[in-house]
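Shown below: work-v3.cif, with mmCIF, C-alpha atoms and all ligand atoms.
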data_final
#
loop_
_atom_site.label_atom_id
_atom_site.label_comp_id
_atom_site.auth_asym_id
_atom_site.auth_seq_id
_atom_site.Cartn_x
_atom_site.Cartn_y
_atom_site.Cartn_z
CA MET I 1309 -88.97 24.37 44.82
CA ASN I 1310 -88.37 22.19 47.79
CA PHE I 1311 -87.97 18.71 46.36
CA SER I 1312 -85.97 15.97 48.04
CA ASP I 1313 -83.30 14.24 45.97
CA GLU I 1314 -85.46 11.11 45.99
CA GLU I 1315 -88.43 13.03 44.56
CA ILE I 1316 -86.24 14.55 41.86
CA CYS I 1317 -84.90 11.13 40.88
CA THR I 1318 -88.39 9.65 40.71
CA HIS I 1319 -91.18 12.07 39.67
CA PHE I 1320 -89.79 15.58 39.31
CA GLY I 1321 -89.64 17.07 35.80
CA GLU I 1322 -92.10 14.64 34.25
CA SER I 1323 -95.61 15.48 33.04
CA TYR I 1324 -97.67 12.30 33.01
CA HIS I 1325 -100.75 14.10 31.74
CA GLU I 1326 -98.95 15.06 28.53
CA HIS I 1327 -98.28 11.41 27.80
CA HIS I 1328 -101.61 9.64 28.51
CA GLY I 1329 -100.53 9.05 32.11
CA ALA I 1330 -97.47 7.03 31.17
CA VAL I 1331 -95.28 6.82 34.30
CA SER I 1332 -92.27 6.05 32.15
CA PRO I 1333 -91.77 8.91 29.69
CA PRO I 1334 -91.87 8.15 25.96
CA VAL I 1335 -88.62 8.13 24.03
CA TYR I 1336 -88.86 10.91 21.46
CA GLN I 1337 -86.75 9.05 18.96
CA THR I 1338 -86.85 11.80 16.38
CA SER I 1339 -84.16 13.87 14.75
CA LEU I 1340 -86.39 16.87 13.93
CA PHE I 1341 -89.71 18.48 14.83
CA ALA I 1342 -92.17 19.59 12.13
CA PHE I 1343 -94.17 22.84 12.28
CA ASP I 1344 -97.70 23.89 11.33
CA SER I 1345 -96.61 27.11 9.69
CA PHE I 1346 -93.46 28.67 8.32
CA GLU I 1347 -93.95 31.58 10.76
CA ALA I 1348 -93.92 29.24 13.78
CA PHE I 1349 -90.89 27.48 12.34
CA THR I 1350 -88.83 30.62 11.91
CA GLU I 1351 -89.88 31.86 15.37
CA ALA I 1352 -88.72 28.60 16.98
CA GLN I 1353 -85.42 28.72 15.11
CA LYS I 1354 -84.53 32.01 16.73
CA LYS I 1355 -83.93 30.14 20.00
CA GLU I 1356 -82.87 26.63 19.12
CA GLN I 1357 -81.44 26.15 22.63
CA GLU I 1358 -84.98 26.30 24.01
CA ASN I 1359 -87.36 25.10 21.32
CA TYR I 1360 -87.90 21.68 19.79
CA VAL I 1361 -86.39 22.14 16.33
CA TYR I 1362 -83.69 19.51 15.95
CA THR I 1363 -82.36 16.87 18.37
CA ARG I 1364 -78.86 18.34 18.09
CA GLY I 1365 -80.43 21.05 20.21
CA VAL I 1366 -83.33 20.18 22.51
CA ASN I 1367 -85.21 16.88 22.73
CA PRO I 1368 -88.16 16.32 25.12
CA THR I 1369 -86.84 13.02 26.54
CA THR I 1370 -83.34 14.36 27.11
CA GLU I 1371 -84.88 17.50 28.57
CA ILE I 1372 -86.52 15.49 31.36
CA LEU I 1373 -83.09 14.20 32.35
CA GLU I 1374 -81.65 17.71 32.12
CA ARG I 1375 -84.34 19.13 34.41
CA LYS I 1376 -83.69 16.44 36.99
CA LEU I 1377 -79.91 16.82 36.96
CA ALA I 1378 -80.12 20.62 37.14
CA LEU I 1379 -82.27 20.54 40.27
CA LEU I 1380 -80.30 17.68 41.87
CA GLU I 1381 -77.22 19.90 41.68
CA ARG I 1382 -79.32 22.96 42.67
CA GLY I 1383 -78.22 24.60 39.41
CA GLU I 1384 -80.35 26.65 37.03
CA LYS I 1385 -79.75 24.61 33.92
CA CYS I 1386 -78.18 21.38 32.64
CA LYS I 1387 -77.05 20.19 29.24
CA CYS I 1388 -76.53 16.49 28.54
CA PHE I 1389 -73.90 15.08 26.19
CA ALA I 1390 -72.99 11.87 24.42
CA SER I 1391 -70.25 11.17 26.98
CA GLY I 1392 -68.46 12.65 29.95
CA MET I 1393 -65.66 13.72 27.60
CA GLY I 1394 -68.27 15.38 25.34
CA ALA I 1395 -69.37 17.42 28.34
CA ILE I 1396 -65.82 18.27 29.43
CA SER I 1397 -64.67 19.24 25.93
CA SER I 1398 -67.74 21.44 25.53
CA ILE I 1399 -66.68 23.47 28.57
CA PHE I 1400 -63.20 23.98 27.13
CA PHE I 1401 -64.41 24.74 23.60
CA SER I 1402 -67.05 27.22 24.76
CA LEU I 1403 -65.19 29.16 27.43
CA LEU I 1404 -61.53 29.26 26.36
CA LYS I 1405 -59.70 31.22 23.71
CA SER I 1406 -56.06 31.44 22.65
CA GLY I 1407 -53.85 32.94 25.33
CA ASP I 1408 -55.97 31.57 28.20
CA HIS I 1409 -54.54 29.45 30.99
CA VAL I 1410 -56.32 26.57 32.77
CA LEU I 1411 -55.36 25.40 36.23
CA PHE I 1412 -56.02 21.74 37.07
CA VAL I 1413 -56.38 20.96 40.76
CA ASN I 1414 -56.04 17.41 42.16
CA ASN I 1415 -55.59 14.20 40.19
CA ILE I 1416 -57.39 14.89 36.91
CA TYR I 1417 -58.90 12.19 34.69
CA GLY I 1418 -56.27 11.27 32.05
CA PRO I 1419 -58.23 12.03 28.87
CA THR I 1420 -59.16 15.48 30.25
CA ILE I 1421 -55.45 16.30 30.49
CA GLN I 1422 -54.80 14.80 27.05
CA LEU I 1423 -57.50 17.05 25.59
CA MET I 1424 -55.90 20.07 27.22
CA GLU I 1425 -52.51 19.05 25.82
CA HIS I 1426 -54.12 18.95 22.39
CA LEU I 1427 -55.56 22.44 22.91
CA ASN I 1428 -52.00 23.65 23.43
CA ARG I 1429 -51.73 23.87 19.63
CA PHE I 1430 -54.39 26.59 19.81
CA SER I 1431 -52.24 28.47 22.35
CA ILE I 1432 -54.27 27.44 25.38
CA ASP I 1433 -51.94 26.72 28.25
CA TYR I 1434 -52.42 24.67 31.43
CA SER I 1435 -50.69 23.69 34.63
CA SER I 1436 -51.50 21.19 37.36
CA VAL I 1437 -51.28 21.24 41.14
CA ASP I 1438 -52.43 18.70 43.73
CA ASN I 1439 -54.99 19.45 46.44
CA ASN I 1440 -52.74 21.96 48.26
CA LEU I 1441 -54.41 25.38 48.09
CA GLU I 1442 -51.28 27.42 48.77
CA GLU I 1443 -49.71 25.86 45.71
CA MET I 1444 -52.91 26.50 43.81
CA VAL I 1445 -52.85 30.22 44.58
CA LYS I 1446 -49.18 30.40 43.54
CA ALA I 1447 -49.98 28.73 40.23
CA ILE I 1448 -52.70 31.23 39.27
CA LYS I 1449 -51.60 33.47 36.39
CA PRO I 1450 -53.08 36.74 35.11
CA THR I 1451 -54.32 34.70 32.13
CA THR I 1452 -56.00 31.98 34.23
CA LYS I 1453 -59.54 31.71 32.92
CA LEU I 1454 -60.65 28.42 34.43
CA ILE I 1455 -59.87 26.44 37.59
CA TYR I 1456 -60.85 22.84 36.96
CA VAL I 1457 -61.05 20.49 39.94
CA GLU I 1458 -61.67 16.83 40.50
CA SER I 1459 -62.77 15.99 44.02
CA PRO I 1460 -62.50 13.29 45.11
CA GLY I 1461 -60.00 12.20 42.50
CA THR I 1462 -60.51 8.76 41.01
CA MET I 1463 -57.11 7.20 41.63
CA LEU I 1464 -55.99 8.33 45.11
CA MET I 1465 -59.44 9.70 46.06
CA LYS I 1466 -57.97 12.92 47.48
CA VAL I 1467 -60.43 15.68 48.39
CA VAL I 1468 -60.18 19.42 47.72
CA ASP I 1469 -61.69 22.14 49.94
CA LEU I 1470 -64.36 23.33 47.51
CA GLN I 1471 -65.57 26.45 49.34
CA GLN I 1472 -62.00 27.74 49.57
CA VAL I 1473 -61.29 27.12 45.89
CA ALA I 1474 -64.54 28.81 44.86
CA GLN I 1475 -63.79 31.84 47.01
CA ILE I 1476 -60.20 32.22 45.79
CA ALA I 1477 -61.38 31.98 42.17
CA ARG I 1478 -64.32 34.34 42.59
CA GLU I 1479 -62.10 37.06 44.07
CA ARG I 1480 -60.02 36.88 40.92
CA GLY I 1481 -62.86 36.56 38.40
CA ILE I 1482 -61.89 33.02 37.42
CA VAL I 1483 -64.52 30.45 36.36
CA THR I 1484 -64.59 27.24 38.44
CA ALA I 1485 -65.60 23.80 37.21
CA ILE I 1486 -65.57 20.47 39.03
CA ASP I 1487 -65.76 16.91 37.79
CA ASN I 1488 -68.34 15.62 40.31
CA THR I 1489 -68.56 12.08 38.93
CA TRP I 1490 -67.17 10.36 42.05
CA SER I 1491 -69.81 11.71 44.45
CA THR I 1492 -72.78 12.33 42.16
CA PRO I 1493 -75.10 15.19 43.23
CA ILE I 1494 -76.58 12.87 45.86
CA PHE I 1495 -73.42 13.08 47.95
CA GLN I 1496 -71.99 16.45 46.87
CA LYS I 1497 -73.50 19.65 45.46
CA PRO I 1498 -70.53 21.85 44.48
CA LEU I 1499 -72.64 24.70 43.08
CA MET I 1500 -73.90 25.25 46.63
CA ASP I 1501 -70.26 25.60 47.70
CA GLY I 1502 -69.78 28.35 45.13
CA PHE I 1503 -68.63 26.47 42.03
CA ASP I 1504 -69.80 27.76 38.65
CA LEU I 1505 -70.01 24.45 36.79
CA SER I 1506 -70.41 20.82 37.77
CA VAL I 1507 -69.65 18.18 35.16
CA HIS I 1508 -70.46 14.47 35.15
CA SER I 1509 -69.76 11.31 33.35
CA LEU I 1510 -73.28 9.81 33.45
CA THR I 1511 -71.63 6.54 32.44
CA LYS I 1512 -70.67 5.82 36.05
CA TYR I 1513 -73.08 5.86 39.06
CA ILE I 1514 -75.83 7.97 37.50
CA GLY I 1515 -76.39 5.53 34.62
CA GLY I 1516 -75.36 2.81 37.03
CA HIS I 1517 -76.05 -0.24 34.85
CA SER I 1518 -73.00 -0.18 32.57
CA ASP I 1519 -75.20 -0.08 29.49
CA VAL I 1520 -74.89 3.56 28.46
CA VAL I 1521 -72.31 6.33 27.95
CA GLY I 1522 -73.28 9.94 28.67
CA GLY I 1523 -72.25 13.24 30.22
CA ALA I 1524 -73.72 16.43 31.68
CA VAL I 1525 -72.78 19.99 32.64
CA ILE I 1526 -74.80 21.98 35.19
CA GLY I 1527 -74.51 25.68 36.03
CA ASN I 1528 -76.27 29.02 35.76
CA GLU I 1529 -78.38 29.84 32.72
CA GLU I 1530 -75.88 32.17 31.11
CA LEU I 1531 -72.97 29.72 31.23
CA ILE I 1532 -75.07 26.75 30.14
CA ASP I 1533 -76.56 28.73 27.23
CA THR I 1534 -73.05 29.61 26.06
CA ILE I 1535 -72.00 25.98 26.39
CA SER I 1536 -75.16 24.81 24.58
CA ARG I 1537 -74.63 27.16 21.69
CA TYR I 1538 -70.94 26.53 21.05
CA GLY I 1539 -69.92 23.40 22.91
CA PHE I 1540 -73.09 21.39 22.34
CA GLN I 1541 -74.78 22.36 19.09
CA LEU I 1542 -71.59 23.05 17.19
CA ASN I 1543 -69.39 20.38 18.75
CA GLY I 1544 -72.24 17.90 18.37
CA ALA I 1545 -71.65 15.37 21.16
CA VAL I 1546 -75.39 14.74 21.41
CA LEU I 1547 -76.91 12.28 23.89
CA SER I 1548 -79.40 10.11 22.03
CA PRO I 1549 -82.97 10.23 23.39
CA HIS I 1550 -82.87 6.47 23.89
CA ASP I 1551 -79.73 6.73 26.01
CA ALA I 1552 -81.33 9.61 27.92
CA SER I 1553 -84.26 7.32 28.78
CA LEU I 1554 -81.84 4.66 30.07
CA ILE I 1555 -80.15 7.26 32.26
CA ILE I 1556 -83.54 8.50 33.56
CA ARG I 1557 -84.20 4.89 34.56
CA GLY I 1558 -80.80 4.67 36.24
CA LEU I 1559 -81.45 7.89 38.12
CA ARG I 1560 -84.62 6.50 39.73
CA THR I 1561 -82.58 4.16 41.94
CA LEU I 1562 -79.46 6.32 42.33
CA PRO I 1563 -80.03 7.31 46.00
CA LEU I 1564 -80.84 3.70 46.83
CA ARG I 1565 -77.85 2.27 44.99
CA LEU I 1566 -75.42 4.77 46.45
CA LYS I 1567 -76.47 3.86 49.98
CA GLN I 1568 -75.64 0.25 49.20
CA HIS I 1569 -72.37 1.05 47.40
CA GLN I 1570 -71.30 3.11 50.41
CA GLN I 1571 -72.26 0.54 53.02
CA HIS I 1572 -70.54 -2.31 51.20
CA CYS I 1573 -67.48 -0.22 50.43
CA LEU I 1574 -67.04 0.69 54.11
CA LYS I 1575 -67.25 -3.01 55.02
CA VAL I 1576 -64.65 -3.91 52.41
CA ILE I 1577 -62.38 -1.15 53.77
CA GLU I 1578 -62.72 -2.52 57.32
CA TYR I 1579 -61.67 -5.90 55.99
CA LEU I 1580 -58.74 -4.46 53.99
CA LYS I 1581 -57.46 -2.63 57.10
CA GLY I 1582 -56.57 -6.02 58.57
CA LYS I 1583 -54.42 -7.11 55.62
CA LYS I 1584 -50.68 -7.12 56.23
CA ALA I 1585 -49.93 -7.15 52.50
CA ILE I 1586 -51.45 -3.64 52.17
CA SER I 1587 -49.50 -0.50 52.99
CA ARG I 1588 -52.20 2.12 52.33
CA ILE I 1589 -55.89 2.39 51.56
CA HIS I 1590 -57.28 5.43 49.75
CA HIS I 1591 -60.90 6.51 50.35
CA PRO I 1592 -62.24 9.88 51.56
CA SER I 1593 -64.01 8.22 54.50
CA LEU I 1594 -60.60 7.46 56.00
CA GLU I 1595 -59.71 11.17 56.13
CA ALA I 1596 -63.11 12.56 57.12
CA ASP I 1597 -62.12 12.76 60.80
CA THR I 1598 -59.05 14.90 60.18
CA LYS I 1599 -60.30 17.18 57.41
CA SER I 1600 -63.41 19.02 58.50
CA TYR I 1601 -64.22 20.29 55.01
CA ILE I 1602 -64.82 16.72 53.85
CA ASN I 1603 -67.82 16.37 56.15
CA LYS I 1604 -68.96 19.87 55.29
CA GLN I 1605 -69.09 19.36 51.54
CA MET I 1606 -69.86 15.63 51.26
CA LYS I 1607 -72.95 13.84 52.52
CA GLY I 1608 -71.63 10.38 51.83
CA PHE I 1609 -68.98 8.30 50.11
CA SER I 1610 -69.35 6.16 47.06
CA GLY I 1611 -67.76 2.81 46.34
CA LEU I 1612 -64.55 3.65 44.48
CA LEU I 1613 -61.40 2.99 46.51
CA SER I 1614 -57.79 2.05 45.96
CA PHE I 1615 -55.09 0.38 48.01
CA GLU I 1616 -51.37 -0.28 47.71
CA LEU I 1617 -49.88 -3.75 47.82
CA LYS I 1618 -46.59 -3.58 49.72
CA GLN I 1619 -43.45 -3.80 47.60
CA ALA I 1620 -45.41 -4.88 44.58
CA GLY I 1621 -44.93 -4.35 40.87
CA PHE I 1622 -46.61 -5.66 37.75
CA ASP I 1623 -46.17 -9.36 38.60
CA GLN I 1624 -47.69 -9.26 42.09
CA VAL I 1625 -50.51 -6.97 40.97
CA SER I 1626 -51.43 -9.24 38.08
CA GLN I 1627 -51.19 -12.34 40.30
CA PHE I 1628 -53.62 -10.76 42.73
CA ILE I 1629 -56.02 -9.49 40.08
CA ASN I 1630 -56.00 -12.74 38.13
CA HIS I 1631 -57.18 -14.61 41.23
CA LEU I 1632 -60.28 -12.45 41.66
CA ARG I 1633 -63.47 -14.08 40.42
CA VAL I 1634 -66.32 -11.73 41.34
CA PHE I 1635 -64.44 -8.50 40.56
CA LYS I 1636 -64.24 -8.15 36.79
CA ILE I 1637 -61.14 -6.73 35.13
CA GLY I 1638 -61.91 -3.59 33.17
CA VAL I 1639 -62.05 0.18 32.83
CA SER I 1640 -64.84 2.42 34.13
CA TRP I 1641 -66.59 2.13 37.50
CA GLY I 1642 -69.82 3.03 39.31
CA GLY I 1643 -71.93 0.25 37.79
CA PHE I 1644 -73.76 -2.63 39.48
CA GLU I 1645 -70.77 -4.89 38.88
CA SER I 1646 -67.61 -4.83 40.96
CA LEU I 1647 -64.51 -3.97 38.96
CA VAL I 1648 -60.76 -4.07 39.46
CA ASN I 1649 -58.13 -2.05 37.62
CA ALA I 1650 -54.54 -0.91 38.23
CA PRO I 1651 -52.33 1.72 36.60
CA VAL I 1652 -49.28 -0.56 36.46
CA LYS I 1653 -48.12 -2.02 33.15
CA ARG I 1654 -45.03 -4.10 32.50
CA GLY I 1655 -42.13 -1.66 32.61
CA ASN I 1656 -43.94 1.54 33.72
CA GLU I 1657 -43.17 1.21 37.46
CA GLU I 1658 -40.59 4.00 37.45
CA GLU I 1659 -42.87 6.35 35.55
CA LEU I 1660 -45.65 5.69 38.07
CA ASN I 1661 -43.32 6.50 40.96
CA LYS I 1662 -42.54 9.82 39.29
CA GLN I 1663 -46.29 10.56 39.12
CA GLY I 1664 -46.57 9.81 42.83
CA LEU I 1665 -48.42 6.56 42.23
CA SER I 1666 -47.32 3.30 43.82
CA PRO I 1667 -46.75 0.49 41.27
CA GLY I 1668 -48.69 -1.72 43.71
CA LEU I 1669 -51.80 0.49 43.46
CA ILE I 1670 -55.03 -1.41 42.80
CA ARG I 1671 -58.40 0.27 42.29
CA LEU I 1672 -61.70 -1.38 43.22
CA SER I 1673 -65.18 -0.28 42.25
CA ILE I 1674 -67.52 -1.85 44.79
CA GLY I 1675 -70.64 -3.05 43.02
CA LEU I 1676 -73.90 -4.46 44.32
CA GLU I 1677 -73.03 -8.14 44.76
CA GLY I 1678 -72.94 -7.86 48.56
CA ALA I 1679 -70.01 -7.13 50.87
CA ASP I 1680 -69.59 -10.71 52.09
CA VAL I 1681 -69.21 -12.08 48.58
CA LEU I 1682 -66.65 -9.41 47.71
CA ILE I 1683 -64.64 -9.90 50.90
CA GLU I 1684 -64.58 -13.65 50.28
CA ASP I 1685 -63.33 -13.01 46.77
CA LEU I 1686 -60.58 -10.68 48.00
CA GLU I 1687 -59.60 -13.08 50.77
CA GLN I 1688 -58.92 -15.97 48.41
CA ALA I 1689 -56.84 -13.67 46.19
CA PHE I 1690 -54.76 -12.53 49.20
CA GLN I 1691 -54.28 -16.15 50.23
CA ALA I 1692 -53.15 -17.12 46.76
CA LEU I 1693 -50.70 -14.22 46.81
CA SER I 1694 -49.04 -15.29 50.04
CA CYS I 1695 -48.74 -18.89 48.79
CA GLU I 1696 -46.93 -17.98 45.59
C1 LIG J 1 -65.17 8.20 33.06
C2 LIG J 1 -64.82 9.53 33.50
C3 LIG J 1 -64.90 10.63 32.66
C4 LIG J 1 -65.23 10.51 31.20
O1 LIG J 1 -66.53 10.09 31.00
P1 LIG J 1 -66.98 9.28 29.68
O2 LIG J 1 -68.43 9.12 29.88
O3 LIG J 1 -66.20 8.00 29.69
O4 LIG J 1 -66.61 10.11 28.52
C5 LIG J 1 -64.62 11.87 33.18
N1 LIG J 1 -64.24 12.03 34.44
C6 LIG J 1 -64.14 11.00 35.30
C7 LIG J 1 -63.73 11.24 36.70
C8 LIG J 1 -64.41 9.71 34.85
O5 LIG J 1 -64.27 8.68 35.68
#
Full structure transcribed into structure tokens:
Amino acid sequence: MNFSDEEICTHFGESYHEHHGAVSPPVYQTSLFAFDSFEAFTEAQKKEQENYVYTRGVNPTTEILERKLALLERGEKCKCFASGMGAISSIFFSLLKSGDHVLFVNNIYGPTIQLMEHLNRFSIDYSSVDNNLEEMVKAIKPTTKLIYVESPGTMLMKVVDLQQVAQIARERGIVTAIDNTWSTPIFQKPLMDGFDLSVHSLTKYIGGHSDVVGGAVIGNEELIDTISRYGFQLNGAVLSPHDASLIIRGLRTLPLRLKQHQQHCLKVIEYLKGKKAISRIHHPSLEADTKSYINKQMKGFSGLLSFELKQAGFDQVSQFINHLRVFKIGVSWGGFESLVNAPVKRGNEEELNKQGLSPGLIRLSIGLEGADVLIEDLEQAFQALSCE
């Protein structure tokens, strides 16, 4: 099966002849599937993870998306969820039991850590390390069941050496999972580097239009079947067929959009490098020359970056952000629209310092408005800052 990513995003996994030649697949907006005989019904029920019985199981529209995502990641199977958190929680619920330990590597998405803290009441333990692999090895316990990585992270965009992590884990019989939302499978295929599971928030670049929330997990058949049975069907974070069709539409232009996000982001970074008010810029492209594994595991860089305003706290950050006109203020990222966000709140500067985050940290998601427009927008905000 030698399909290019572009072919997978466009035609792969769809059977036009089954749908009167429709190039856009129908939305099977149905909760259940009826059978001709009771025998056929009971046969199908034996394997609800494979047969069309109930949409909190398998649905033909969602299945098209699952086939595409599985092959994009070069995995055997994919399961889609109602959100990225639905996908992440399904991994934890399906694979962990009381007494297990989870090791988080690199800056992990906040709600993922909150969920793990909640699981502490069921005697599931966790610890966190940054992207230093020596520290990671030291933090492994005899009870470590899962190593869960985010690379690049989504605040400081730090990158983890995926092949090394996968090898260290495999030698010890530990399952590896990565949140691959930042890169999407277009720019990074962690299963090919030896990871067991790749998880996505489809809400970001893959959906791409900021009109849908979704998630996915990709891995080998055995793991995905376990996750489908316990984490999907019983947890019930089901992606609706309509939302699946929106994400299939988003996927069609993903390679195209990412090229543009990358190009515009690199231009914005070049511009930011000349700003005296900035002490640091965070984006994996800036480290690719010094860390050879970055070029080995990543084919490109998406449009999420952050930078630090020198000696800034809440007031300077809000002054700067309030002057932006094209960048919208809000959570999330990876959509067509450029967004700005910052972790600082009034009074939390000290706490941020403790977490290793500068209070002047500002995160930008570079959308599709064009680099010149975005640079102009940033420039007038920098000018306003130096006037005040
Ligand atoms: C947004 C996000 C999630 C959660 O996805 P939802 O679709 O919002 O549930 C998980 N990981 C990362 C890195 C994210 O940015």
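The space between CA of Ser1397 (chain I) and CA of Val1652 (chain I) spans 27.2 Å.
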Taking all atoms listed in the file and a cut-off of 7 Å, can you tell me which residues surround ligand LIG 1 (chain J), written as a ChimeraX atom specification? /I:1391-1394,1417,1461-1462,1487,1489-1490,1508-1512,1521-1523,1640
What's around region 1581-1593 of chain I at 7 Å? Count all atoms listed in the file, leave out sequence neighbours fewer than 2 positions away in its own chain, and write the answer as a compact mmCIF listing (two decimals) with C-alpha atoms, keeping the file's coordinate frame.
# COMPACT_ATOMS: atom_id res chain seq x y z
CA LEU I 1464 -55.99 8.33 45.11
CA MET I 1465 -59.44 9.70 46.06
CA LYS I 1466 -57.97 12.92 47.48
CA VAL I 1467 -60.43 15.68 48.39
CA ILE I 1577 -62.38 -1.15 53.77
CA GLU I 1578 -62.72 -2.52 57.32
CA TYR I 1579 -61.67 -5.90 55.99
CA GLU I 1595 -59.71 11.17 56.13
CA ALA I 1596 -63.11 12.56 57.12
CA PHE I 1609 -68.98 8.30 50.11
CA LEU I 1613 -61.40 2.99 46.51
CA SER I 1614 -57.79 2.05 45.96
CA PHE I 1615 -55.09 0.38 48.01
CA GLU I 1616 -51.37 -0.28 47.71
CA LEU I 1617 -49.88 -3.75 47.82
CA LYS I 1618 -46.59 -3.58 49.72
For the contact check between region 1495-1554 of chain I and region 1373-1379 of chain I, emit one row per residue of region 1495-1554 of chain I within 8 Å, containing the shortest atom pair and the distance in Å rounded to one decimal, counting only C-alpha atoms, chain then rising number order, as CSV.
residue,atom,partner,partner_atom,distance
I:Ile1526,CA,I:Ala1378,CA,5.8
I:Gly1527,CA,I:Ala1378,CA,7.6
I:Ala1552,CA,I:Leu1373,CA,6.6
I:Ser1553,CA,I:Leu1373,CA,7.8
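Minimum distance to Leu1676 (chain I) across I:Phe1503, I:Phe1622, I:Tyr1513, I:Phe1343 (counting all atoms listed in the file) occurs at I:Tyr1513.
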